[in-house]
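The next block is target-v5.tsv, given as TSV, C-alpha atoms.
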chain	number	residue	atom	x	y	z
Y	747	MET	CA	16.92	-31.59	-86.15
Y	748	LEU	CA	19.57	-32.31	-83.51
Y	749	SER	CA	21.87	-29.60	-84.82
Y	750	ALA	CA	19.03	-27.06	-84.83
Y	751	ARG	CA	18.40	-27.88	-81.16
Y	752	ALA	CA	22.10	-27.45	-80.35
Y	753	PHE	CA	22.11	-24.02	-81.98
Y	754	ALA	CA	18.96	-23.07	-80.08
Y	755	LEU	CA	20.50	-24.05	-76.70
Y	756	ALA	CA	23.92	-22.48	-77.30
Y	757	PRO	CA	23.02	-18.80	-76.61
Y	758	PRO	CA	21.36	-19.53	-73.22
Y	759	ALA	CA	24.31	-21.74	-72.21
Y	760	LEU	CA	26.79	-18.99	-73.12
Y	761	ALA	CA	24.74	-16.46	-71.16
Y	762	VAL	CA	24.87	-18.70	-68.05
Y	763	LEU	CA	28.65	-19.02	-68.39
Y	764	ALA	CA	29.04	-15.27	-68.80
Y	765	LEU	CA	26.89	-14.55	-65.75
Y	766	SER	CA	28.78	-17.11	-63.64
Y	767	GLY	CA	32.09	-15.39	-64.35
Y	768	CYS	CA	33.54	-18.23	-66.40
Y	769	SER	CA	33.85	-16.15	-69.52
Y	770	SER	CA	36.32	-13.66	-68.01
Y	771	TRP	CA	39.68	-14.73	-66.62
Y	772	VAL	CA	40.83	-12.81	-63.58
Y	773	CYS	CA	44.45	-13.41	-62.67
Y	774	THR	CA	45.74	-12.22	-59.29
Y	775	ASP	CA	49.18	-12.48	-57.73
Y	776	THR	CA	49.53	-12.70	-53.97
Y	777	THR	CA	52.79	-12.78	-52.03
Y	778	ALA	CA	53.09	-14.80	-48.83
Y	779	GLU	CA	54.22	-13.09	-45.65
Y	780	ARG	CA	57.81	-13.73	-44.68
Y	781	GLY	CA	58.09	-16.01	-41.65
Y	782	LYS	CA	60.24	-15.32	-38.60
Y	783	ALA	CA	63.89	-16.11	-39.20
Y	784	ALA	CA	65.70	-18.38	-36.76
Y	785	VAL	CA	68.59	-20.82	-36.51
Y	786	ARG	CA	66.07	-23.70	-36.68
Y	787	VAL	CA	62.79	-23.35	-38.59
Y	788	GLN	CA	59.78	-25.47	-39.55
Y	789	VAL	CA	59.56	-25.08	-43.35
Y	790	VAL	CA	56.16	-23.85	-44.53
Y	791	ASP	CA	54.54	-23.67	-47.96
Y	792	THR	CA	53.28	-20.47	-49.57
Y	793	TYR	CA	50.03	-20.74	-47.57
Y	794	GLY	CA	51.91	-21.04	-44.25
Y	795	GLN	CA	51.17	-24.74	-43.86
Y	796	PRO	CA	54.00	-26.87	-42.37
Y	797	LEU	CA	55.75	-29.22	-44.80
Y	798	ARG	CA	56.92	-31.56	-41.99
Y	799	VAL	CA	60.49	-30.53	-42.79
Y	800	THR	CA	62.81	-28.75	-40.37
Y	801	ALA	CA	65.83	-26.78	-41.57
Y	802	SER	CA	68.60	-25.71	-39.21
Y	803	VAL	CA	71.99	-24.03	-39.21
Y	804	VAL	CA	74.44	-26.56	-37.80
Y	805	GLY	CA	77.33	-24.11	-37.54
Y	806	TRP	CA	79.19	-21.30	-39.24
Y	807	ARG	CA	82.60	-19.64	-39.28
Y	808	LEU	CA	84.53	-16.97	-41.13
Y	809	GLU	CA	87.33	-18.22	-43.34
Y	810	PRO	CA	88.72	-17.74	-46.85
Y	811	HIS	CA	87.05	-19.80	-49.56
Y	812	PRO	CA	89.58	-22.44	-50.68
Y	813	GLN	CA	89.11	-21.60	-54.37
Y	814	VAL	CA	89.54	-17.83	-53.95
Y	815	PRO	CA	91.54	-17.28	-50.74
Y	816	ALA	CA	92.81	-13.87	-51.90
Y	817	GLU	CA	89.24	-12.48	-51.63
Y	818	GLY	CA	89.39	-12.73	-47.83
Y	819	ASP	CA	86.96	-14.18	-45.34
Y	820	ARG	CA	83.54	-15.45	-46.27
Y	821	VAL	CA	80.80	-16.96	-44.17
Y	822	HIS	CA	81.08	-20.74	-44.38
Y	823	PHE	CA	77.95	-22.31	-42.91
Y	824	ARG	CA	76.57	-25.82	-42.55
Y	825	PHE	CA	72.87	-26.59	-42.66
Y	826	ARG	CA	70.62	-29.60	-42.14
Y	827	PHE	CA	67.18	-30.62	-43.42
Y	828	ASP	CA	65.25	-33.13	-41.30
Y	829	GLY	CA	62.12	-34.73	-42.74
Y	830	ALA	CA	62.98	-34.14	-46.40
Y	831	ASP	CA	63.42	-37.24	-48.50
Y	832	ALA	CA	63.68	-38.33	-52.11
Y	833	TYR	CA	59.88	-38.25	-52.39
Y	834	SER	CA	59.38	-34.70	-51.12
Y	835	SER	CA	59.40	-31.60	-53.30
Y	836	ASP	CA	62.98	-30.55	-52.42
Y	837	PRO	CA	62.11	-27.70	-50.05
Y	838	ALA	CA	64.40	-24.68	-50.06
Y	839	VAL	CA	64.85	-21.79	-47.64
Y	840	ASP	CA	66.80	-18.54	-47.63
Y	841	ALA	CA	69.89	-18.51	-45.39
Y	842	CYS	CA	71.08	-15.05	-44.33
Y	843	ALA	CA	74.19	-13.81	-42.58
Y	844	VAL	CA	73.13	-11.13	-40.09
Y	845	ASP	CA	74.80	-8.71	-37.71
Y	846	ARG	CA	74.02	-8.48	-33.97
Y	847	ARG	CA	70.87	-6.40	-34.71
Y	848	ARG	CA	69.65	-9.04	-37.22
Y	849	VAL	CA	70.33	-6.77	-40.19
Y	850	VAL	CA	70.96	-8.80	-43.35
Y	851	LEU	CA	74.52	-8.76	-44.68
Y	852	GLY	CA	73.91	-11.35	-47.42
Y	853	CYS	CA	71.54	-14.22	-48.31
Y	854	GLN	CA	71.47	-17.37	-50.40
Y	855	THR	CA	68.80	-20.00	-51.03
Y	856	VAL	CA	69.69	-23.54	-49.91
Y	857	SER	CA	67.68	-26.64	-50.74
Y	858	SER	CA	67.34	-30.04	-49.13
Y	859	SER	CA	68.84	-31.69	-52.23
Y	860	GLU	CA	72.10	-29.90	-51.43
Y	861	ALA	CA	72.27	-31.68	-48.07
Y	862	PHE	CA	74.32	-34.72	-48.98
Y	863	GLY	CA	76.98	-34.57	-46.27
Y	864	PRO	CA	79.33	-37.28	-45.11
Y	865	ALA	CA	78.05	-40.79	-44.39
Y	866	ASP	CA	77.82	-40.09	-40.65
Y	867	ASP	CA	75.49	-37.10	-41.27
Y	868	PRO	CA	73.97	-37.33	-44.79
Y	869	LEU	CA	71.29	-34.70	-44.11
Y	870	THR	CA	73.80	-31.83	-43.92
Y	871	GLY	CA	75.25	-29.52	-46.53
Y	872	ASP	CA	77.37	-26.39	-46.63
Y	873	HIS	CA	77.55	-23.10	-48.48
Y	874	TRP	CA	79.64	-19.95	-48.61
Y	875	LEU	CA	78.26	-16.41	-48.37
Y	876	ALA	CA	80.27	-13.42	-49.51
Y	877	VAL	CA	79.51	-10.33	-47.44
Y	878	ASP	CA	81.01	-6.84	-47.60
Y	879	ARG	CA	82.03	-6.73	-43.94
Y	880	PRO	CA	82.57	-10.26	-42.62
Y	881	GLU	CA	83.72	-8.94	-39.21
Y	882	GLN	CA	80.12	-7.76	-38.59
Y	883	VAL	CA	78.58	-11.24	-38.96
Y	884	ALA	CA	76.98	-12.38	-35.72
Y	885	GLY	CA	75.09	-15.40	-37.05
Y	886	VAL	CA	73.31	-17.17	-39.88
Y	887	LEU	CA	69.51	-17.38	-39.83
Y	888	LEU	CA	67.04	-19.32	-41.97
Y	889	ILE	CA	63.71	-18.00	-43.21
Y	890	PRO	CA	61.02	-20.71	-43.01
Y	891	ASN	CA	59.20	-19.96	-46.29
Y	892	ASP	CA	59.70	-22.65	-48.94
Y	893	GLN	CA	61.35	-21.08	-51.98
Y	894	SER	CA	61.42	-24.26	-54.10
Y	895	TYR	CA	58.45	-23.45	-56.30
Y	896	ASP	CA	57.30	-20.09	-57.54
Y	897	ARG	CA	54.49	-20.33	-60.07
Y	898	PRO	CA	54.36	-17.93	-63.02
Y	899	THR	CA	53.07	-14.44	-62.38
Y	900	CYS	CA	50.00	-12.97	-64.05
Y	901	GLU	CA	52.32	-10.68	-65.99
Y	902	ARG	CA	54.19	-13.64	-67.47
Y	903	ASP	CA	51.21	-15.97	-67.98
Y	904	VAL	CA	47.71	-14.57	-67.46
Y	905	LYS	CA	46.09	-17.97	-68.05
Y	906	ASP	CA	48.19	-20.21	-65.78
Y	907	GLY	CA	49.90	-17.62	-63.58
Y	908	GLY	CA	48.74	-16.00	-60.40
Y	909	GLY	CA	48.03	-17.37	-56.99
Y	910	MET	CA	50.24	-17.36	-53.93
Y	911	HIS	CA	53.98	-16.73	-54.38
Y	912	PRO	CA	56.80	-17.05	-51.83
Y	913	PRO	CA	57.94	-13.80	-50.23
Y	914	GLU	CA	60.75	-11.86	-51.88
Y	915	PRO	CA	64.16	-12.81	-50.49
Y	916	PRO	CA	65.52	-10.23	-48.06
Y	917	GLY	CA	68.13	-7.81	-49.32
Y	918	ARG	CA	71.16	-6.34	-47.64
Y	919	GLY	CA	70.08	-3.92	-44.96
Y	920	ASP	CA	66.70	-5.58	-44.28
Y	921	ARG	CA	66.03	-6.52	-40.67
Y	922	LEU	CA	64.91	-10.03	-39.85
As structure tokens, the full file:
Amino acid sequence: MLSARAFALAPPALAVLALSGCSSWVCTDTTAERGKAAVRVQVVDTYGQPLRVTASVVGWRLEPHPQVPAEGDRVHFRFRFDGADAYSSDPAVDACAVDRRRVVLGCQTVSSSEAFGPADDPLTGDHWLAVDRPEQVAGVLLIPNDQSYDRPTCERDVKDGGGMHPPEPPGRGDRL
């Protein structure tokens, strides 16, 4: 008797699910807007909410990379993450060398876990950027959008993908 009742209730329950939209999976991808680049930025998540982490460019200079000096000058920059700790999600931002008009000459993503500087300043790290015309570099800017986590796209995983994604990293020639 119980199983007959279950079979009798199943079609109405399925109809309710179908009408409520639960029976069809709609996957949508959305890309966050790129934040304003600066030397010091408040890192934000994909929804634009502050992560309570500040990233900054401590300094930069042009010099040959010690491992490949024959390739000429590269942009050697130092960065710092304040507010990130071992319990945070390892925020990451894009660092871009720009010319005087803020046109991108080259970019690289840097994360707070790479900031393990000397004992007197353990929140700093450094990286090298190769650019085509190092003599045009006027500065290094950070983009505030956290790049540490990018969920799967709908194209890759229609069931678990979708949602908000970080903005695409800028390419050479983009203006910040």
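Closest approach to Cys773 (chain Y) among Y:Val803, Y:Met910, Y:Val814, Y:Val904: Y:Val904, based on only C-alpha atoms.
What separates CA of Ser857 (chain Y) from CA of Val877 (chain Y) is a distance of 20.4 Å.
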- request: Give as JSON, numbers by chain the set of residues within 10 Å of the point (62.8, -9.2, -45.4), where distances use the file's coordinates and all atoms listed in the file.
  value: {"Y": [779, 780, 781, 782, 783, 849, 850, 889, 913, 914, 915, 916, 917, 918, 919, 920, 921, 922]}
Quick one: write out the picked residues with C-alpha atoms as a PDB file, in the frame of the given file?
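Resulting contents of part.pdb:
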ATOM      1  CA  GLU Y 779      54.220 -13.090 -45.650  1.00  0.00           C
ATOM      2  CA  ARG Y 780      57.810 -13.730 -44.680  1.00  0.00           C
ATOM      3  CA  GLY Y 781      58.090 -16.010 -41.650  1.00  0.00           C
ATOM      4  CA  LYS Y 782      60.240 -15.320 -38.600  1.00  0.00           C
ATOM      5  CA  ALA Y 783      63.890 -16.110 -39.200  1.00  0.00           C
ATOM      6  CA  VAL Y 849      70.330  -6.770 -40.190  1.00  0.00           C
ATOM      7  CA  VAL Y 850      70.960  -8.800 -43.350  1.00  0.00           C
ATOM      8  CA  ILE Y 889      63.710 -18.000 -43.210  1.00  0.00           C
ATOM      9  CA  PRO Y 913      57.940 -13.800 -50.230  1.00  0.00           C
ATOM     10  CA  GLU Y 914      60.750 -11.860 -51.880  1.00  0.00           C
ATOM     11  CA  PRO Y 915      64.160 -12.810 -50.490  1.00  0.00           C
ATOM     12  CA  PRO Y 916      65.520 -10.230 -48.060  1.00  0.00           C
ATOM     13  CA  GLY Y 917      68.130  -7.810 -49.320  1.00  0.00           C
ATOM     14  CA  ARG Y 918      71.160  -6.340 -47.640  1.00  0.00           C
ATOM     15  CA  GLY Y 919      70.080  -3.920 -44.960  1.00  0.00           C
ATOM     16  CA  ASP Y 920      66.700  -5.580 -44.280  1.00  0.00           C
ATOM     17  CA  ARG Y 921      66.030  -6.520 -40.670  1.00  0.00           C
ATOM     18  CA  LEU Y 922      64.910 -10.030 -39.850  1.00  0.00           C
TER      19      LEU Y 922
END
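CA of Trp874 (chain Y) lies 26.5 Å from CA of His911 (chain Y).
Nearest residue to His873 (chain Y), choosing from Y:Arg897, Y:Arg807, Y:Arg847, Y:His822 and counting all atoms listed in the file: Y:His822.
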- line: Between CA of Thr800 (chain Y) and CA of Gln788 (chain Y) lies a distance of 4.5 Å
field: Selected residue of minimal separation from Ser802 (chain Y) among Y:Pro898, Y:Pro912, Y:Gly829, Y:Gly907, counting all atoms listed in the file
entry: Y:Gly829
message: Just checking: using all atoms listed in the file, which residue out of Y:Val821, Y:Val804, Y:Ala843, Y:Ala816 ends up closest to Gly863 (chain Y)?
response: Y:Val804
task: Counting only C-alpha atoms, note down every residue that has an atom within 12 Å of the point (69.9, -30.4, -44.0) (file coordinates), as number ranges by chain.
output: Y: 786-787, 789, 799-805, 823-831, 836-839, 841, 856-864, 867-873, 888
- request: Using only C-alpha atoms, determine which residues lie at most 7 Å from Arg820 (chain Y), disregarding the query and same-chain residues fewer than 3 positions distant; provide the list as a PyMOL selection string.
  value: chain Y and resi 808-811+874-877+880
Serialized selection, C-alpha atoms, as a PDB file, keeping the file's coordinate frame:
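selection.pdb written:
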ATOM      1  CA  LEU Y 808      84.530 -16.970 -41.130  1.00  0.00           C
ATOM      2  CA  GLU Y 809      87.330 -18.220 -43.340  1.00  0.00           C
ATOM      3  CA  PRO Y 810      88.720 -17.740 -46.850  1.00  0.00           C
ATOM      4  CA  HIS Y 811      87.050 -19.800 -49.560  1.00  0.00           C
ATOM      5  CA  TRP Y 874      79.640 -19.950 -48.610  1.00  0.00           C
ATOM      6  CA  LEU Y 875      78.260 -16.410 -48.370  1.00  0.00           C
ATOM      7  CA  ALA Y 876      80.270 -13.420 -49.510  1.00  0.00           C
ATOM      8  CA  VAL Y 877      79.510 -10.330 -47.440  1.00  0.00           C
ATOM      9  CA  PRO Y 880      82.570 -10.260 -42.620  1.00  0.00           C
TER      10      PRO Y 880
END
Kindly reconstruct region 859-891 of chain Y with N, CA and C atoms and present the result as a PDB file, keeping the file's coordinate frame.
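The result, written out as selection-v4.pdb:
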ATOM      1  N   SER Y 859      68.069 -30.827 -51.336  1.00  0.00           N
ATOM      2  CA  SER Y 859      68.840 -31.690 -52.230  1.00  0.00           C
ATOM      3  C   SER Y 859      70.335 -31.393 -52.162  1.00  0.00           C
ATOM      4  N   GLU Y 860      70.693 -30.240 -51.592  1.00  0.00           N
ATOM      5  CA  GLU Y 860      72.100 -29.900 -51.430  1.00  0.00           C
ATOM      6  C   GLU Y 860      72.674 -30.447 -50.131  1.00  0.00           C
ATOM      7  N   ALA Y 861      71.836 -31.083 -49.335  1.00  0.00           N
ATOM      8  CA  ALA Y 861      72.270 -31.680 -48.070  1.00  0.00           C
ATOM      9  C   ALA Y 861      72.627 -33.138 -48.327  1.00  0.00           C
ATOM     10  N   PHE Y 862      73.857 -33.354 -48.709  1.00  0.00           N
ATOM     11  CA  PHE Y 862      74.320 -34.720 -48.980  1.00  0.00           C
ATOM     12  C   PHE Y 862      75.687 -34.906 -48.322  1.00  0.00           C
ATOM     13  N   GLY Y 863      75.731 -34.571 -47.030  1.00  0.00           N
ATOM     14  CA  GLY Y 863      76.980 -34.570 -46.270  1.00  0.00           C
ATOM     15  C   GLY Y 863      77.630 -35.929 -46.158  1.00  0.00           C
ATOM     16  N   PRO Y 864      78.604 -36.026 -45.274  1.00  0.00           N
ATOM     17  CA  PRO Y 864      79.330 -37.280 -45.110  1.00  0.00           C
ATOM     18  C   PRO Y 864      78.405 -38.393 -44.621  1.00  0.00           C
ATOM     19  N   ALA Y 865      78.869 -39.621 -44.734  1.00  0.00           N
ATOM     20  CA  ALA Y 865      78.050 -40.790 -44.390  1.00  0.00           C
ATOM     21  C   ALA Y 865      77.524 -40.734 -42.960  1.00  0.00           C
ATOM     22  N   ASP Y 866      78.287 -40.148 -42.040  1.00  0.00           N
ATOM     23  CA  ASP Y 866      77.820 -40.090 -40.650  1.00  0.00           C
ATOM     24  C   ASP Y 866      76.738 -39.028 -40.440  1.00  0.00           C
ATOM     25  N   ASP Y 867      76.543 -38.124 -41.361  1.00  0.00           N
ATOM     26  CA  ASP Y 867      75.490 -37.100 -41.270  1.00  0.00           C
ATOM     27  C   ASP Y 867      75.026 -36.697 -42.666  1.00  0.00           C
ATOM     28  N   PRO Y 868      74.330 -37.587 -43.390  1.00  0.00           N
ATOM     29  CA  PRO Y 868      73.970 -37.330 -44.790  1.00  0.00           C
ATOM     30  C   PRO Y 868      72.911 -36.258 -45.006  1.00  0.00           C
ATOM     31  N   LEU Y 869      72.322 -35.731 -43.952  1.00  0.00           N
ATOM     32  CA  LEU Y 869      71.290 -34.700 -44.110  1.00  0.00           C
ATOM     33  C   LEU Y 869      71.859 -33.285 -44.068  1.00  0.00           C
ATOM     34  N   THR Y 870      73.186 -33.152 -44.013  1.00  0.00           N
ATOM     35  CA  THR Y 870      73.800 -31.830 -43.920  1.00  0.00           C
ATOM     36  C   THR Y 870      74.416 -31.407 -45.247  1.00  0.00           C
ATOM     37  N   GLY Y 871      74.585 -30.115 -45.378  1.00  0.00           N
ATOM     38  CA  GLY Y 871      75.250 -29.520 -46.530  1.00  0.00           C
ATOM     39  C   GLY Y 871      75.967 -28.274 -46.085  1.00  0.00           C
ATOM     40  N   ASP Y 872      76.702 -27.633 -46.994  1.00  0.00           N
ATOM     41  CA  ASP Y 872      77.370 -26.390 -46.630  1.00  0.00           C
ATOM     42  C   ASP Y 872      77.388 -25.435 -47.807  1.00  0.00           C
ATOM     43  N   HIS Y 873      77.505 -24.162 -47.478  1.00  0.00           N
ATOM     44  CA  HIS Y 873      77.550 -23.100 -48.480  1.00  0.00           C
ATOM     45  C   HIS Y 873      78.468 -21.992 -47.980  1.00  0.00           C
ATOM     46  N   TRP Y 874      78.814 -21.111 -48.911  1.00  0.00           N
ATOM     47  CA  TRP Y 874      79.640 -19.950 -48.610  1.00  0.00           C
ATOM     48  C   TRP Y 874      78.865 -18.702 -48.987  1.00  0.00           C
ATOM     49  N   LEU Y 875      78.896 -17.698 -48.111  1.00  0.00           N
ATOM     50  CA  LEU Y 875      78.260 -16.410 -48.370  1.00  0.00           C
ATOM     51  C   LEU Y 875      79.333 -15.335 -48.393  1.00  0.00           C
ATOM     52  N   ALA Y 876      79.366 -14.568 -49.451  1.00  0.00           N
ATOM     53  CA  ALA Y 876      80.270 -13.420 -49.510  1.00  0.00           C
ATOM     54  C   ALA Y 876      79.511 -12.215 -48.973  1.00  0.00           C
ATOM     55  N   VAL Y 877      80.101 -11.535 -48.007  1.00  0.00           N
ATOM     56  CA  VAL Y 877      79.510 -10.330 -47.440  1.00  0.00           C
ATOM     57  C   VAL Y 877      80.557  -9.221 -47.472  1.00  0.00           C
ATOM     58  N   ASP Y 878      80.088  -7.974 -47.524  1.00  0.00           N
ATOM     59  CA  ASP Y 878      81.010  -6.840 -47.600  1.00  0.00           C
ATOM     60  C   ASP Y 878      81.879  -6.703 -46.360  1.00  0.00           C
ATOM     61  N   ARG Y 879      81.301  -6.916 -45.198  1.00  0.00           N
ATOM     62  CA  ARG Y 879      82.030  -6.730 -43.940  1.00  0.00           C
ATOM     63  C   ARG Y 879      81.894  -7.978 -43.077  1.00  0.00           C
ATOM     64  N   PRO Y 880      82.700  -8.998 -43.349  1.00  0.00           N
ATOM     65  CA  PRO Y 880      82.570 -10.260 -42.620  1.00  0.00           C
ATOM     66  C   PRO Y 880      82.731 -10.107 -41.101  1.00  0.00           C
ATOM     67  N   GLU Y 881      83.503  -9.120 -40.660  1.00  0.00           N
ATOM     68  CA  GLU Y 881      83.720  -8.940 -39.210  1.00  0.00           C
ATOM     69  C   GLU Y 881      82.431  -8.553 -38.484  1.00  0.00           C
ATOM     70  N   GLN Y 882      81.393  -8.129 -39.209  1.00  0.00           N
ATOM     71  CA  GLN Y 882      80.120  -7.760 -38.590  1.00  0.00           C
ATOM     72  C   GLN Y 882      79.170  -8.950 -38.427  1.00  0.00           C
ATOM     73  N   VAL Y 883      79.479 -10.096 -39.017  1.00  0.00           N
ATOM     74  CA  VAL Y 883      78.580 -11.240 -38.960  1.00  0.00           C
ATOM     75  C   VAL Y 883      78.475 -11.760 -37.527  1.00  0.00           C
ATOM     76  N   ALA Y 884      77.235 -11.865 -37.056  1.00  0.00           N
ATOM     77  CA  ALA Y 884      76.980 -12.380 -35.720  1.00  0.00           C
ATOM     78  C   ALA Y 884      76.260 -13.723 -35.759  1.00  0.00           C
ATOM     79  N   GLY Y 885      75.786 -14.121 -36.937  1.00  0.00           N
ATOM     80  CA  GLY Y 885      75.090 -15.400 -37.050  1.00  0.00           C
ATOM     81  C   GLY Y 885      74.523 -15.616 -38.430  1.00  0.00           C
ATOM     82  N   VAL Y 886      73.994 -16.814 -38.633  1.00  0.00           N
ATOM     83  CA  VAL Y 886      73.310 -17.170 -39.880  1.00  0.00           C
ATOM     84  C   VAL Y 886      71.915 -17.639 -39.489  1.00  0.00           C
ATOM     85  N   LEU Y 887      70.901 -17.043 -40.107  1.00  0.00           N
ATOM     86  CA  LEU Y 887      69.510 -17.380 -39.830  1.00  0.00           C
ATOM     87  C   LEU Y 887      68.840 -17.927 -41.078  1.00  0.00           C
ATOM     88  N   LEU Y 888      67.837 -18.764 -40.872  1.00  0.00           N
ATOM     89  CA  LEU Y 888      67.040 -19.320 -41.970  1.00  0.00           C
ATOM     90  C   LEU Y 888      65.650 -18.715 -41.930  1.00  0.00           C
ATOM     91  N   ILE Y 889      65.082 -18.505 -43.088  1.00  0.00           N
ATOM     92  CA  ILE Y 889      63.710 -18.000 -43.210  1.00  0.00           C
ATOM     93  C   ILE Y 889      62.845 -19.196 -43.595  1.00  0.00           C
ATOM     94  N   PRO Y 890      61.759 -19.463 -42.856  1.00  0.00           N
ATOM     95  CA  PRO Y 890      61.020 -20.710 -43.010  1.00  0.00           C
ATOM     96  C   PRO Y 890      60.241 -20.896 -44.311  1.00  0.00           C
ATOM     97  N   ASN Y 891      60.030 -19.843 -45.095  1.00  0.00           N
ATOM     98  CA  ASN Y 891      59.200 -19.960 -46.290  1.00  0.00           C
ATOM     99  C   ASN Y 891      59.877 -20.787 -47.369  1.00  0.00           C
TER     100      ASN Y 891
END
